[in-house]
file final36.txt (compact mmCIF, N, CA and C atoms)
# COMPACT_ATOMS: atom_id res chain seq x y z
N MET A 1 87.85 76.28 98.81
CA MET A 1 89.06 76.18 98.00
C MET A 1 90.28 76.68 98.78
N ASP A 2 90.05 77.56 99.75
CA ASP A 2 91.18 78.03 100.57
C ASP A 2 91.91 76.85 101.20
N ARG A 3 91.16 75.96 101.82
CA ARG A 3 91.78 74.82 102.50
C ARG A 3 92.46 73.89 101.50
N ALA A 4 91.85 73.65 100.36
CA ALA A 4 92.45 72.79 99.34
C ALA A 4 93.77 73.38 98.85
N LEU A 5 93.84 74.68 98.65
CA LEU A 5 95.08 75.33 98.23
C LEU A 5 96.15 75.22 99.31
N ALA A 6 95.76 75.36 100.57
CA ALA A 6 96.72 75.21 101.67
C ALA A 6 97.26 73.78 101.72
N LEU A 7 96.40 72.80 101.51
CA LEU A 7 96.83 71.40 101.48
C LEU A 7 97.76 71.14 100.30
N ALA A 8 97.48 71.77 99.16
CA ALA A 8 98.35 71.63 97.99
C ALA A 8 99.74 72.17 98.30
N ALA A 9 99.81 73.31 98.97
CA ALA A 9 101.10 73.88 99.34
C ALA A 9 101.85 72.94 100.29
N GLN A 10 101.13 72.29 101.20
CA GLN A 10 101.76 71.31 102.10
C GLN A 10 102.34 70.14 101.31
N ALA A 11 101.61 69.69 100.30
CA ALA A 11 102.08 68.58 99.47
C ALA A 11 103.40 68.95 98.80
N ALA A 12 103.47 70.17 98.28
CA ALA A 12 104.69 70.61 97.60
C ALA A 12 105.87 70.64 98.56
N ARG A 13 105.65 71.08 99.78
CA ARG A 13 106.73 71.10 100.78
C ARG A 13 107.21 69.69 101.11
N GLY A 14 106.34 68.71 100.91
CA GLY A 14 106.71 67.30 101.14
C GLY A 14 107.18 66.60 99.89
N ALA A 15 107.48 67.34 98.82
CA ALA A 15 107.99 66.81 97.54
C ALA A 15 106.93 66.11 96.70
N ASP A 16 105.66 66.27 97.05
CA ASP A 16 104.58 65.71 96.23
C ASP A 16 104.01 66.80 95.34
N VAL A 17 103.44 66.40 94.23
CA VAL A 17 102.78 67.36 93.33
C VAL A 17 101.73 68.11 94.14
N PRO A 18 101.71 69.44 94.06
CA PRO A 18 100.83 70.24 94.90
C PRO A 18 99.35 70.18 94.50
N VAL A 19 98.68 69.19 95.04
CA VAL A 19 97.24 69.06 94.85
C VAL A 19 96.63 68.82 96.23
N GLY A 20 95.55 69.56 96.51
CA GLY A 20 94.83 69.39 97.77
C GLY A 20 93.35 69.22 97.50
N ALA A 21 92.65 68.53 98.40
CA ALA A 21 91.23 68.26 98.21
C ALA A 21 90.49 68.27 99.54
N VAL A 22 89.23 68.69 99.50
CA VAL A 22 88.37 68.72 100.68
C VAL A 22 87.00 68.18 100.28
N VAL A 23 86.43 67.32 101.12
CA VAL A 23 85.06 66.84 100.93
C VAL A 23 84.17 67.63 101.88
N LEU A 24 83.11 68.20 101.34
CA LEU A 24 82.15 68.98 102.11
C LEU A 24 80.81 68.27 102.15
N ASP A 25 80.14 68.33 103.29
CA ASP A 25 78.79 67.76 103.36
C ASP A 25 77.80 68.73 102.72
N ALA A 26 76.54 68.39 102.72
CA ALA A 26 75.51 69.19 102.04
C ALA A 26 75.39 70.60 102.63
N ALA A 27 75.80 70.77 103.89
CA ALA A 27 75.76 72.08 104.55
C ALA A 27 77.05 72.87 104.35
N GLY A 28 78.02 72.28 103.64
CA GLY A 28 79.28 72.96 103.38
C GLY A 28 80.34 72.75 104.45
N ARG A 29 80.09 71.81 105.36
CA ARG A 29 81.07 71.52 106.42
C ARG A 29 82.08 70.48 105.92
N PRO A 30 83.37 70.69 106.19
CA PRO A 30 84.37 69.69 105.78
C PRO A 30 84.24 68.40 106.57
N VAL A 31 84.25 67.27 105.87
CA VAL A 31 84.19 65.96 106.51
C VAL A 31 85.39 65.09 106.16
N GLY A 32 86.24 65.59 105.28
CA GLY A 32 87.45 64.87 104.89
C GLY A 32 88.34 65.78 104.08
N GLU A 33 89.63 65.53 104.16
CA GLU A 33 90.56 66.33 103.37
C GLU A 33 91.78 65.48 103.05
N GLY A 34 92.51 65.93 102.05
CA GLY A 34 93.71 65.20 101.67
C GLY A 34 94.60 66.02 100.78
N ARG A 35 95.83 65.57 100.68
CA ARG A 35 96.80 66.17 99.76
C ARG A 35 97.54 65.02 99.11
N ASN A 36 98.18 65.29 98.00
CA ASN A 36 98.95 64.24 97.36
C ASN A 36 99.99 63.70 98.33
N LEU A 37 100.06 62.37 98.42
CA LEU A 37 101.00 61.70 99.33
C LEU A 37 101.77 60.58 98.63
N ARG A 38 101.79 60.58 97.31
CA ARG A 38 102.45 59.48 96.59
C ARG A 38 103.92 59.35 96.94
N GLU A 39 104.64 60.45 96.91
CA GLU A 39 106.08 60.40 97.21
C GLU A 39 106.31 60.06 98.68
N GLU A 40 105.51 60.67 99.54
CA GLU A 40 105.67 60.46 100.98
C GLU A 40 105.38 59.03 101.40
N THR A 41 104.37 58.41 100.79
CA THR A 41 103.95 57.07 101.20
C THR A 41 104.38 55.96 100.25
N GLY A 42 104.77 56.31 99.03
CA GLY A 42 105.08 55.30 98.03
C GLY A 42 103.84 54.61 97.49
N ASP A 43 102.68 55.18 97.73
CA ASP A 43 101.40 54.60 97.30
C ASP A 43 100.94 55.29 96.02
N PRO A 44 100.88 54.58 94.91
CA PRO A 44 100.48 55.22 93.65
C PRO A 44 99.03 55.72 93.64
N THR A 45 98.22 55.26 94.56
CA THR A 45 96.83 55.72 94.62
C THR A 45 96.63 56.88 95.58
N ALA A 46 97.68 57.38 96.20
CA ALA A 46 97.56 58.42 97.22
C ALA A 46 97.45 59.82 96.61
N HIS A 47 96.50 59.96 95.70
CA HIS A 47 96.17 61.28 95.16
C HIS A 47 95.32 62.01 96.19
N ALA A 48 95.34 63.33 96.15
CA ALA A 48 94.61 64.14 97.13
C ALA A 48 93.14 63.74 97.22
N GLU A 49 92.51 63.49 96.07
CA GLU A 49 91.09 63.16 96.05
C GLU A 49 90.82 61.85 96.77
N ILE A 50 91.65 60.84 96.51
CA ILE A 50 91.49 59.53 97.12
C ILE A 50 91.68 59.64 98.64
N VAL A 51 92.71 60.37 99.05
CA VAL A 51 92.97 60.55 100.48
C VAL A 51 91.78 61.24 101.15
N ALA A 52 91.24 62.27 100.50
CA ALA A 52 90.09 63.00 101.06
C ALA A 52 88.84 62.13 101.11
N LEU A 53 88.59 61.34 100.06
CA LEU A 53 87.43 60.46 100.05
C LEU A 53 87.53 59.40 101.15
N ARG A 54 88.73 58.84 101.32
CA ARG A 54 88.92 57.83 102.38
C ARG A 54 88.67 58.44 103.75
N GLN A 55 89.20 59.64 103.97
CA GLN A 55 89.00 60.28 105.27
C GLN A 55 87.54 60.60 105.52
N ALA A 56 86.84 61.09 104.49
CA ALA A 56 85.42 61.40 104.64
C ALA A 56 84.62 60.13 104.94
N ALA A 57 84.88 59.07 104.20
CA ALA A 57 84.16 57.81 104.43
C ALA A 57 84.42 57.28 105.84
N ALA A 58 85.67 57.37 106.28
CA ALA A 58 86.00 56.90 107.64
C ALA A 58 85.31 57.75 108.70
N SER A 59 85.29 59.06 108.50
CA SER A 59 84.68 59.93 109.52
C SER A 59 83.17 59.78 109.57
N LEU A 60 82.56 59.45 108.44
CA LEU A 60 81.10 59.29 108.39
C LEU A 60 80.65 57.85 108.60
N GLY A 61 81.58 56.92 108.49
CA GLY A 61 81.24 55.51 108.67
C GLY A 61 80.50 54.91 107.50
N THR A 62 80.68 55.50 106.31
CA THR A 62 80.04 54.97 105.11
C THR A 62 80.81 55.39 103.87
N TRP A 63 80.79 54.52 102.87
CA TRP A 63 81.42 54.84 101.59
C TRP A 63 80.54 55.77 100.77
N ASN A 64 79.24 55.79 101.05
CA ASN A 64 78.28 56.53 100.24
C ASN A 64 78.28 58.01 100.63
N LEU A 65 78.87 58.82 99.77
CA LEU A 65 78.99 60.26 100.03
C LEU A 65 78.01 61.06 99.17
N GLU A 66 76.87 60.46 98.90
CA GLU A 66 75.83 61.13 98.11
C GLU A 66 75.49 62.47 98.75
N GLY A 67 75.35 63.50 97.93
CA GLY A 67 75.02 64.83 98.41
C GLY A 67 76.23 65.65 98.82
N HIS A 68 77.42 65.06 98.78
CA HIS A 68 78.64 65.76 99.17
C HIS A 68 79.32 66.40 97.96
N THR A 69 80.19 67.35 98.25
CA THR A 69 80.97 68.05 97.23
C THR A 69 82.45 67.81 97.47
N LEU A 70 83.17 67.56 96.41
CA LEU A 70 84.62 67.45 96.48
C LEU A 70 85.21 68.71 95.86
N VAL A 71 86.03 69.41 96.61
CA VAL A 71 86.73 70.59 96.12
C VAL A 71 88.20 70.20 95.99
N VAL A 72 88.78 70.39 94.81
CA VAL A 72 90.16 69.96 94.56
C VAL A 72 90.86 71.00 93.69
N THR A 73 92.15 71.15 93.88
CA THR A 73 92.88 72.20 93.19
C THR A 73 93.19 71.88 91.73
N LEU A 74 93.14 70.61 91.34
CA LEU A 74 93.44 70.19 89.98
C LEU A 74 92.35 69.26 89.47
N GLU A 75 92.01 69.39 88.21
CA GLU A 75 91.03 68.51 87.60
C GLU A 75 91.39 67.05 87.88
N PRO A 76 90.45 66.25 88.37
CA PRO A 76 90.74 64.85 88.70
C PRO A 76 91.18 64.03 87.48
N CYS A 77 92.05 63.05 87.73
CA CYS A 77 92.47 62.10 86.70
C CYS A 77 91.42 61.00 86.58
N VAL A 78 91.64 60.07 85.69
CA VAL A 78 90.69 58.98 85.46
C VAL A 78 90.51 58.13 86.72
N MET A 79 91.61 57.79 87.41
CA MET A 79 91.50 56.99 88.62
C MET A 79 90.64 57.71 89.65
N CYS A 80 90.92 58.99 89.87
CA CYS A 80 90.18 59.74 90.88
C CYS A 80 88.72 59.94 90.47
N ALA A 81 88.49 60.16 89.18
CA ALA A 81 87.12 60.30 88.70
C ALA A 81 86.32 59.03 88.97
N GLY A 82 86.94 57.88 88.76
CA GLY A 82 86.27 56.62 89.07
C GLY A 82 85.93 56.50 90.54
N ALA A 83 86.87 56.87 91.41
CA ALA A 83 86.63 56.82 92.85
C ALA A 83 85.53 57.80 93.25
N ILE A 84 85.53 58.96 92.65
CA ILE A 84 84.50 59.98 92.94
C ILE A 84 83.12 59.42 92.61
N LEU A 85 82.99 58.78 91.46
CA LEU A 85 81.70 58.21 91.08
C LEU A 85 81.33 57.04 91.98
N GLN A 86 82.30 56.21 92.35
CA GLN A 86 82.02 55.09 93.24
C GLN A 86 81.54 55.57 94.61
N ALA A 87 82.03 56.74 95.04
CA ALA A 87 81.63 57.31 96.33
C ALA A 87 80.31 58.07 96.24
N ARG A 88 79.79 58.22 95.02
CA ARG A 88 78.52 58.93 94.78
C ARG A 88 78.59 60.43 95.11
N ILE A 89 79.77 61.02 94.95
CA ILE A 89 79.92 62.47 95.15
C ILE A 89 79.00 63.19 94.16
N ALA A 90 78.27 64.17 94.65
CA ALA A 90 77.29 64.88 93.82
C ALA A 90 77.92 65.97 92.96
N ARG A 91 78.95 66.64 93.50
CA ARG A 91 79.50 67.81 92.81
C ARG A 91 81.01 67.82 92.99
N VAL A 92 81.71 68.16 91.91
CA VAL A 92 83.16 68.32 91.95
C VAL A 92 83.48 69.74 91.52
N VAL A 93 84.18 70.45 92.37
CA VAL A 93 84.63 71.81 92.09
C VAL A 93 86.14 71.75 92.04
N PHE A 94 86.74 72.18 90.92
CA PHE A 94 88.19 72.12 90.83
C PHE A 94 88.78 73.42 90.31
N GLY A 95 90.07 73.58 90.56
CA GLY A 95 90.80 74.78 90.16
C GLY A 95 91.35 74.67 88.76
N ALA A 96 92.58 74.20 88.64
CA ALA A 96 93.27 74.15 87.35
C ALA A 96 92.79 72.99 86.49
N TRP A 97 92.71 73.25 85.20
CA TRP A 97 92.43 72.19 84.23
C TRP A 97 93.70 71.38 84.01
N ASP A 98 93.56 70.08 83.74
CA ASP A 98 94.70 69.21 83.47
C ASP A 98 94.57 68.70 82.04
N ASP A 99 95.24 69.38 81.12
CA ASP A 99 95.15 69.04 79.70
C ASP A 99 95.86 67.74 79.34
N LYS A 100 96.62 67.18 80.28
CA LYS A 100 97.36 65.94 80.01
C LYS A 100 96.64 64.70 80.53
N ALA A 101 95.91 64.84 81.65
CA ALA A 101 95.30 63.66 82.26
C ALA A 101 93.94 63.92 82.88
N GLY A 102 93.34 65.07 82.62
CA GLY A 102 92.07 65.42 83.24
C GLY A 102 90.91 64.56 82.77
N ALA A 103 90.03 64.22 83.72
CA ALA A 103 88.89 63.36 83.41
C ALA A 103 87.57 64.03 83.80
N ALA A 104 87.58 65.37 83.80
CA ALA A 104 86.35 66.11 84.12
C ALA A 104 86.05 67.13 83.04
N GLY A 105 86.48 66.83 81.81
CA GLY A 105 86.14 67.70 80.70
C GLY A 105 87.27 68.07 79.77
N SER A 106 88.53 67.95 80.19
CA SER A 106 89.61 68.35 79.28
C SER A 106 90.01 67.20 78.36
N MET A 107 90.66 66.16 78.90
CA MET A 107 91.02 64.99 78.09
C MET A 107 89.84 64.02 77.97
N TYR A 108 89.23 63.76 79.08
CA TYR A 108 88.08 62.86 79.17
C TYR A 108 86.99 63.56 79.95
N ASP A 109 85.80 63.01 79.94
CA ASP A 109 84.72 63.56 80.76
C ASP A 109 84.02 62.43 81.50
N VAL A 110 84.79 61.70 82.26
CA VAL A 110 84.30 60.53 83.00
C VAL A 110 83.19 60.93 83.98
N LEU A 111 83.36 62.06 84.65
CA LEU A 111 82.40 62.44 85.69
C LEU A 111 81.00 62.73 85.16
N ARG A 112 80.89 63.05 83.89
CA ARG A 112 79.57 63.35 83.31
C ARG A 112 79.18 62.41 82.18
N ASP A 113 79.86 61.28 82.09
CA ASP A 113 79.60 60.33 81.01
C ASP A 113 78.23 59.68 81.19
N ARG A 114 77.35 59.90 80.26
CA ARG A 114 75.97 59.39 80.35
C ARG A 114 75.89 57.87 80.25
N ARG A 115 76.96 57.23 79.82
CA ARG A 115 76.96 55.76 79.74
C ARG A 115 77.15 55.12 81.11
N LEU A 116 77.57 55.89 82.09
CA LEU A 116 77.80 55.37 83.43
C LEU A 116 76.55 55.53 84.28
N PRO A 117 76.39 54.68 85.30
CA PRO A 117 75.17 54.72 86.11
C PRO A 117 75.07 55.90 87.05
N TYR A 118 76.18 56.60 87.29
CA TYR A 118 76.16 57.74 88.20
C TYR A 118 77.01 58.84 87.61
N ARG A 119 76.59 60.09 87.75
CA ARG A 119 77.32 61.23 87.25
C ARG A 119 77.41 62.30 88.33
N ALA A 120 78.38 63.19 88.17
CA ALA A 120 78.55 64.29 89.12
C ALA A 120 78.47 65.62 88.38
N GLU A 121 77.96 66.61 89.05
CA GLU A 121 78.02 67.98 88.53
C GLU A 121 79.48 68.42 88.59
N VAL A 122 79.94 69.15 87.59
CA VAL A 122 81.33 69.60 87.55
C VAL A 122 81.38 71.11 87.40
N VAL A 123 82.18 71.76 88.25
CA VAL A 123 82.43 73.19 88.17
C VAL A 123 83.95 73.35 88.12
N GLY A 124 84.47 73.72 86.97
CA GLY A 124 85.92 73.82 86.80
C GLY A 124 86.41 75.25 86.71
N GLY A 125 87.69 75.43 86.95
CA GLY A 125 88.32 76.72 86.80
C GLY A 125 88.20 77.65 87.99
N VAL A 126 87.77 77.15 89.14
CA VAL A 126 87.61 77.97 90.33
C VAL A 126 88.99 78.26 90.92
N ARG A 127 89.37 79.51 90.94
CA ARG A 127 90.69 79.95 91.42
C ARG A 127 91.81 79.22 90.69
N ALA A 128 91.59 79.03 89.40
CA ALA A 128 92.53 78.30 88.56
C ALA A 128 93.91 78.94 88.54
N ASP A 129 93.99 80.26 88.55
CA ASP A 129 95.29 80.93 88.50
C ASP A 129 96.14 80.57 89.71
N GLU A 130 95.54 80.53 90.89
CA GLU A 130 96.28 80.20 92.10
C GLU A 130 96.73 78.74 92.09
N ALA A 131 95.84 77.85 91.69
CA ALA A 131 96.18 76.43 91.62
C ALA A 131 97.27 76.19 90.58
N SER A 132 97.15 76.83 89.43
CA SER A 132 98.15 76.69 88.37
C SER A 132 99.50 77.23 88.80
N ALA A 133 99.50 78.34 89.54
CA ALA A 133 100.75 78.93 90.00
C ALA A 133 101.50 77.97 90.92
N LEU A 134 100.78 77.28 91.81
CA LEU A 134 101.42 76.30 92.68
C LEU A 134 102.06 75.18 91.86
N LEU A 135 101.34 74.69 90.89
CA LEU A 135 101.86 73.61 90.04
C LEU A 135 103.06 74.08 89.23
N ARG A 136 102.95 75.25 88.64
CA ARG A 136 104.03 75.78 87.81
C ARG A 136 105.31 75.96 88.64
N ALA A 137 105.19 76.55 89.83
CA ALA A 137 106.34 76.76 90.70
C ALA A 137 106.98 75.42 91.10
N PHE A 138 106.15 74.44 91.38
CA PHE A 138 106.64 73.12 91.77
C PHE A 138 107.47 72.50 90.65
N PHE A 139 106.92 72.49 89.44
CA PHE A 139 107.61 71.84 88.33
C PHE A 139 108.80 72.67 87.83
N ASP A 140 108.69 74.00 87.88
CA ASP A 140 109.84 74.84 87.49
C ASP A 140 111.03 74.58 88.40
N ALA A 141 110.80 74.36 89.66
CA ALA A 141 111.89 74.11 90.62
C ALA A 141 112.56 72.76 90.37
N ARG A 142 111.90 71.86 89.67
CA ARG A 142 112.46 70.53 89.42
C ARG A 142 113.08 70.39 88.05
N ARG A 143 113.01 71.43 87.25
CA ARG A 143 113.58 71.35 85.89
C ARG A 143 114.97 71.90 85.84

call {"tool": "encode", "arguments": {"input": "final36.txt", "output": "structure tokens"}}
result
Amino acid sequence: MDRALALAAQAARGADVPVGAVVLDAAGRPVGEGRNLREETGDPTAHAEIVALRQAAASLGTWNLEGHTLVVTLEPCVMCAGAILQARIARVVFGAWDDKAGAAGSMYDVLRDRRLPYRAEVVGGVRADEASALLRAFFDARR
């Protein structure tokens, strides 16, 4: 989570919502990372999770990230939850809950929906205070 928080801070310095993500292999080694890049790139899909999944898949030479863990500072949205399941991520660890758009247990629970063919283990609230503080500072500065 240290690296994900550092990436989130980088996103905020670049005018993007401060969210960072890291993909870890089964041994806990990072294989991909990302931060929100929507404002920087103009790409609506450039959420930290998507950027990290793309980097991990490119570095490993496969889309199938079965057995991997995604660590992210904010609960994934529906789009990111779909990508996480498509990549076969085994576990998602996140910081702050997203009561407006979260898809890992707050608004929706896409990652653990039994109607879907693949599900991920979810661990939420890890270092939530730090992740929330980054988000709060970012949005307070824009109001």

call {"tool": "residues_around", "arguments": {"input": "final36.txt", "residues": "stretch 104-107 of chain A", "least_positions_apart": "4", "cutoff": "8 Å", "atoms": "all atoms listed in the file", "output": "PyMOL selection string"}}
result
chain A and resi 75-78+81+97-100+111-112+122-124

call {"tool": "select_by_dssp", "arguments": {"input": "final36.txt", "residues": "chain A", "states": "strand (DSSP E)", "output": "ChimeraX atom specification"}}
result
/A:20-24,30-35,69-74,91-96,121-123

call {"tool": "write_last_selection", "arguments": {"input": "final36.txt", "atoms": "N, CA and C atoms", "output": "mmCIF file, keeping the file's coordinate frame"}}
result
data_model
loop_
_atom_site.group_PDB
_atom_site.id
_atom_site.type_symbol
_atom_site.label_atom_id
_atom_site.label_comp_id
_atom_site.auth_asym_id
_atom_site.auth_seq_id
_atom_site.Cartn_x
_atom_site.Cartn_y
_atom_site.Cartn_z
ATOM 1 N N GLY A 20 95.550 69.560 96.510
ATOM 2 C CA GLY A 20 94.830 69.390 97.770
ATOM 3 C C GLY A 20 93.350 69.220 97.500
ATOM 4 N N ALA A 21 92.650 68.530 98.400
ATOM 5 C CA ALA A 21 91.230 68.260 98.210
ATOM 6 C C ALA A 21 90.490 68.270 99.540
ATOM 7 N N VAL A 22 89.230 68.690 99.500
ATOM 8 C CA VAL A 22 88.370 68.720 100.680
ATOM 9 C C VAL A 22 87.000 68.180 100.280
ATOM 10 N N VAL A 23 86.430 67.320 101.120
ATOM 11 C CA VAL A 23 85.060 66.840 100.930
ATOM 12 C C VAL A 23 84.170 67.630 101.880
ATOM 13 N N LEU A 24 83.110 68.200 101.340
ATOM 14 C CA LEU A 24 82.150 68.980 102.110
ATOM 15 C C LEU A 24 80.810 68.270 102.150
ATOM 16 N N PRO A 30 83.370 70.690 106.190
ATOM 17 C CA PRO A 30 84.370 69.690 105.780
ATOM 18 C C PRO A 30 84.240 68.400 106.570
ATOM 19 N N VAL A 31 84.250 67.270 105.870
ATOM 20 C CA VAL A 31 84.190 65.960 106.510
ATOM 21 C C VAL A 31 85.390 65.090 106.160
ATOM 22 N N GLY A 32 86.240 65.590 105.280
ATOM 23 C CA GLY A 32 87.450 64.870 104.890
ATOM 24 C C GLY A 32 88.340 65.780 104.080
ATOM 25 N N GLU A 33 89.630 65.530 104.160
ATOM 26 C CA GLU A 33 90.560 66.330 103.370
ATOM 27 C C GLU A 33 91.780 65.480 103.050
ATOM 28 N N GLY A 34 92.510 65.930 102.050
ATOM 29 C CA GLY A 34 93.710 65.200 101.670
ATOM 30 C C GLY A 34 94.600 66.020 100.780
ATOM 31 N N ARG A 35 95.830 65.570 100.680
ATOM 32 C CA ARG A 35 96.800 66.170 99.760
ATOM 33 C C ARG A 35 97.540 65.020 99.110
ATOM 34 N N THR A 69 80.190 67.350 98.250
ATOM 35 C CA THR A 69 80.970 68.050 97.230
ATOM 36 C C THR A 69 82.450 67.810 97.470
ATOM 37 N N LEU A 70 83.170 67.560 96.410
ATOM 38 C CA LEU A 70 84.620 67.450 96.480
ATOM 39 C C LEU A 70 85.210 68.710 95.860
ATOM 40 N N VAL A 71 86.030 69.410 96.610
ATOM 41 C CA VAL A 71 86.730 70.590 96.120
ATOM 42 C C VAL A 71 88.200 70.200 95.990
ATOM 43 N N VAL A 72 88.780 70.390 94.810
ATOM 44 C CA VAL A 72 90.160 69.960 94.560
ATOM 45 C C VAL A 72 90.860 71.000 93.690
ATOM 46 N N THR A 73 92.150 71.150 93.880
ATOM 47 C CA THR A 73 92.880 72.200 93.190
ATOM 48 C C THR A 73 93.190 71.880 91.730
ATOM 49 N N LEU A 74 93.140 70.610 91.340
ATOM 50 C CA LEU A 74 93.440 70.190 89.980
ATOM 51 C C LEU A 74 92.350 69.260 89.470
ATOM 52 N N ARG A 91 78.950 66.640 93.500
ATOM 53 C CA ARG A 91 79.500 67.810 92.810
ATOM 54 C C ARG A 91 81.010 67.820 92.990
ATOM 55 N N VAL A 92 81.710 68.160 91.910
ATOM 56 C CA VAL A 92 83.160 68.320 91.950
ATOM 57 C C VAL A 92 83.480 69.740 91.520
ATOM 58 N N VAL A 93 84.180 70.450 92.370
ATOM 59 C CA VAL A 93 84.630 71.810 92.090
ATOM 60 C C VAL A 93 86.140 71.750 92.040
ATOM 61 N N PHE A 94 86.740 72.180 90.920
ATOM 62 C CA PHE A 94 88.190 72.120 90.830
ATOM 63 C C PHE A 94 88.780 73.420 90.310
ATOM 64 N N GLY A 95 90.070 73.580 90.560
ATOM 65 C CA GLY A 95 90.800 74.780 90.160
ATOM 66 C C GLY A 95 91.350 74.670 88.760
ATOM 67 N N ALA A 96 92.580 74.200 88.640
ATOM 68 C CA ALA A 96 93.270 74.150 87.350
ATOM 69 C C ALA A 96 92.790 72.990 86.490
ATOM 70 N N GLU A 121 77.960 66.610 89.050
ATOM 71 C CA GLU A 121 78.020 67.980 88.530
ATOM 72 C C GLU A 121 79.480 68.420 88.590
ATOM 73 N N VAL A 122 79.940 69.150 87.590
ATOM 74 C CA VAL A 122 81.330 69.600 87.550
ATOM 75 C C VAL A 122 81.380 71.110 87.400
ATOM 76 N N VAL A 123 82.180 71.760 88.250
ATOM 77 C CA VAL A 123 82.430 73.190 88.170
ATOM 78 C C VAL A 123 83.950 73.350 88.120
#

call {"tool": "closest_residue", "arguments": {"input": "final36.txt", "among": "A:Asn64, A:Ser132, A:Gln86, A:Thr45", "to": "A:Arg119", "atoms": "only C-alpha atoms"}}
result
A:Gln86

call {"tool": "residues_around", "arguments": {"input": "final36.txt", "residues": "A:Leu24", "least_positions_apart": "6", "cutoff": "8 Å", "atoms": "only N, CA and C atoms", "output": "VMD selection string"}}
result
chain A and resid 30 to 33 56 67 to 71

call {"tool": "atom_distance", "arguments": {"input": "final36.txt", "atom1": "atom CA of A:Val126", "atom2": "atom CA of A:Gly95"}}
result
4.5 Å

call {"tool": "atom_distance", "arguments": {"input": "final36.txt", "atom1": "atom CA of A:Gly42", "atom2": "atom CA of A:Ala87"}}
result
23.6 Å

call {"tool": "residues_near_point", "arguments": {"input": "final36.txt", "point": "(87.1, 73.3, 100.7)", "cutoff": "6 Å", "atoms": "only N, CA and C atoms", "output": "PyMOL selection string"}}
result
chain A and resi 1-4+22+71

call {"tool": "write_last_selection", "arguments": {"input": "final36.txt", "atoms": "N, CA and C atoms", "output": "compact mmCIF listing (two decimals), in the frame of the given file"}}
result
# COMPACT_ATOMS: atom_id res chain seq x y z
N MET A 1 87.85 76.28 98.81
CA MET A 1 89.06 76.18 98.00
C MET A 1 90.28 76.68 98.78
N ASP A 2 90.05 77.56 99.75
CA ASP A 2 91.18 78.03 100.57
C ASP A 2 91.91 76.85 101.20
N ARG A 3 91.16 75.96 101.82
CA ARG A 3 91.78 74.82 102.50
C ARG A 3 92.46 73.89 101.50
N ALA A 4 91.85 73.65 100.36
CA ALA A 4 92.45 72.79 99.34
C ALA A 4 93.77 73.38 98.85
N VAL A 22 89.23 68.69 99.50
CA VAL A 22 88.37 68.72 100.68
C VAL A 22 87.00 68.18 100.28
N VAL A 71 86.03 69.41 96.61
CA VAL A 71 86.73 70.59 96.12
C VAL A 71 88.20 70.20 95.99

call {"tool": "atom_distance", "arguments": {"input": "final36.txt", "atom1": "atom CA of A:Leu5", "atom2": "atom CA of A:Arg38"}}
result
17.6 Å

call {"tool": "closest_residue", "arguments": {"input": "final36.txt", "among": "A:Arg142, A:Leu134, A:Ala46, A:Tyr118", "to": "A:Ala12", "atoms": "only C-alpha atoms"}}
result
A:Leu134

call {"tool": "closest_residue", "arguments": {"input": "final36.txt", "among": "A:Ala26, A:Arg114, A:Arg35, A:Gly82", "to": "A:Ala6", "atoms": "all atoms listed in the file"}}
result
A:Arg35

call {"tool": "select_by_dssp", "arguments": {"input": "final36.txt", "residues": "chain A", "states": "helix (DSSP H, G or I)", "output": "VMD selection string"}}
result
chain A and resid 2 to 13 38 to 41 48 to 60 78 to 86 110 to 112 128 to 142

call {"tool": "residues_around", "arguments": {"input": "final36.txt", "residues": "A:Gln10", "least_positions_apart": "3", "cutoff": "12 Å", "atoms": "only C-alpha atoms", "output": "PyMOL selection string"}}
result
chain A and resi 3-7+13-21+34-37+40+48+134+138
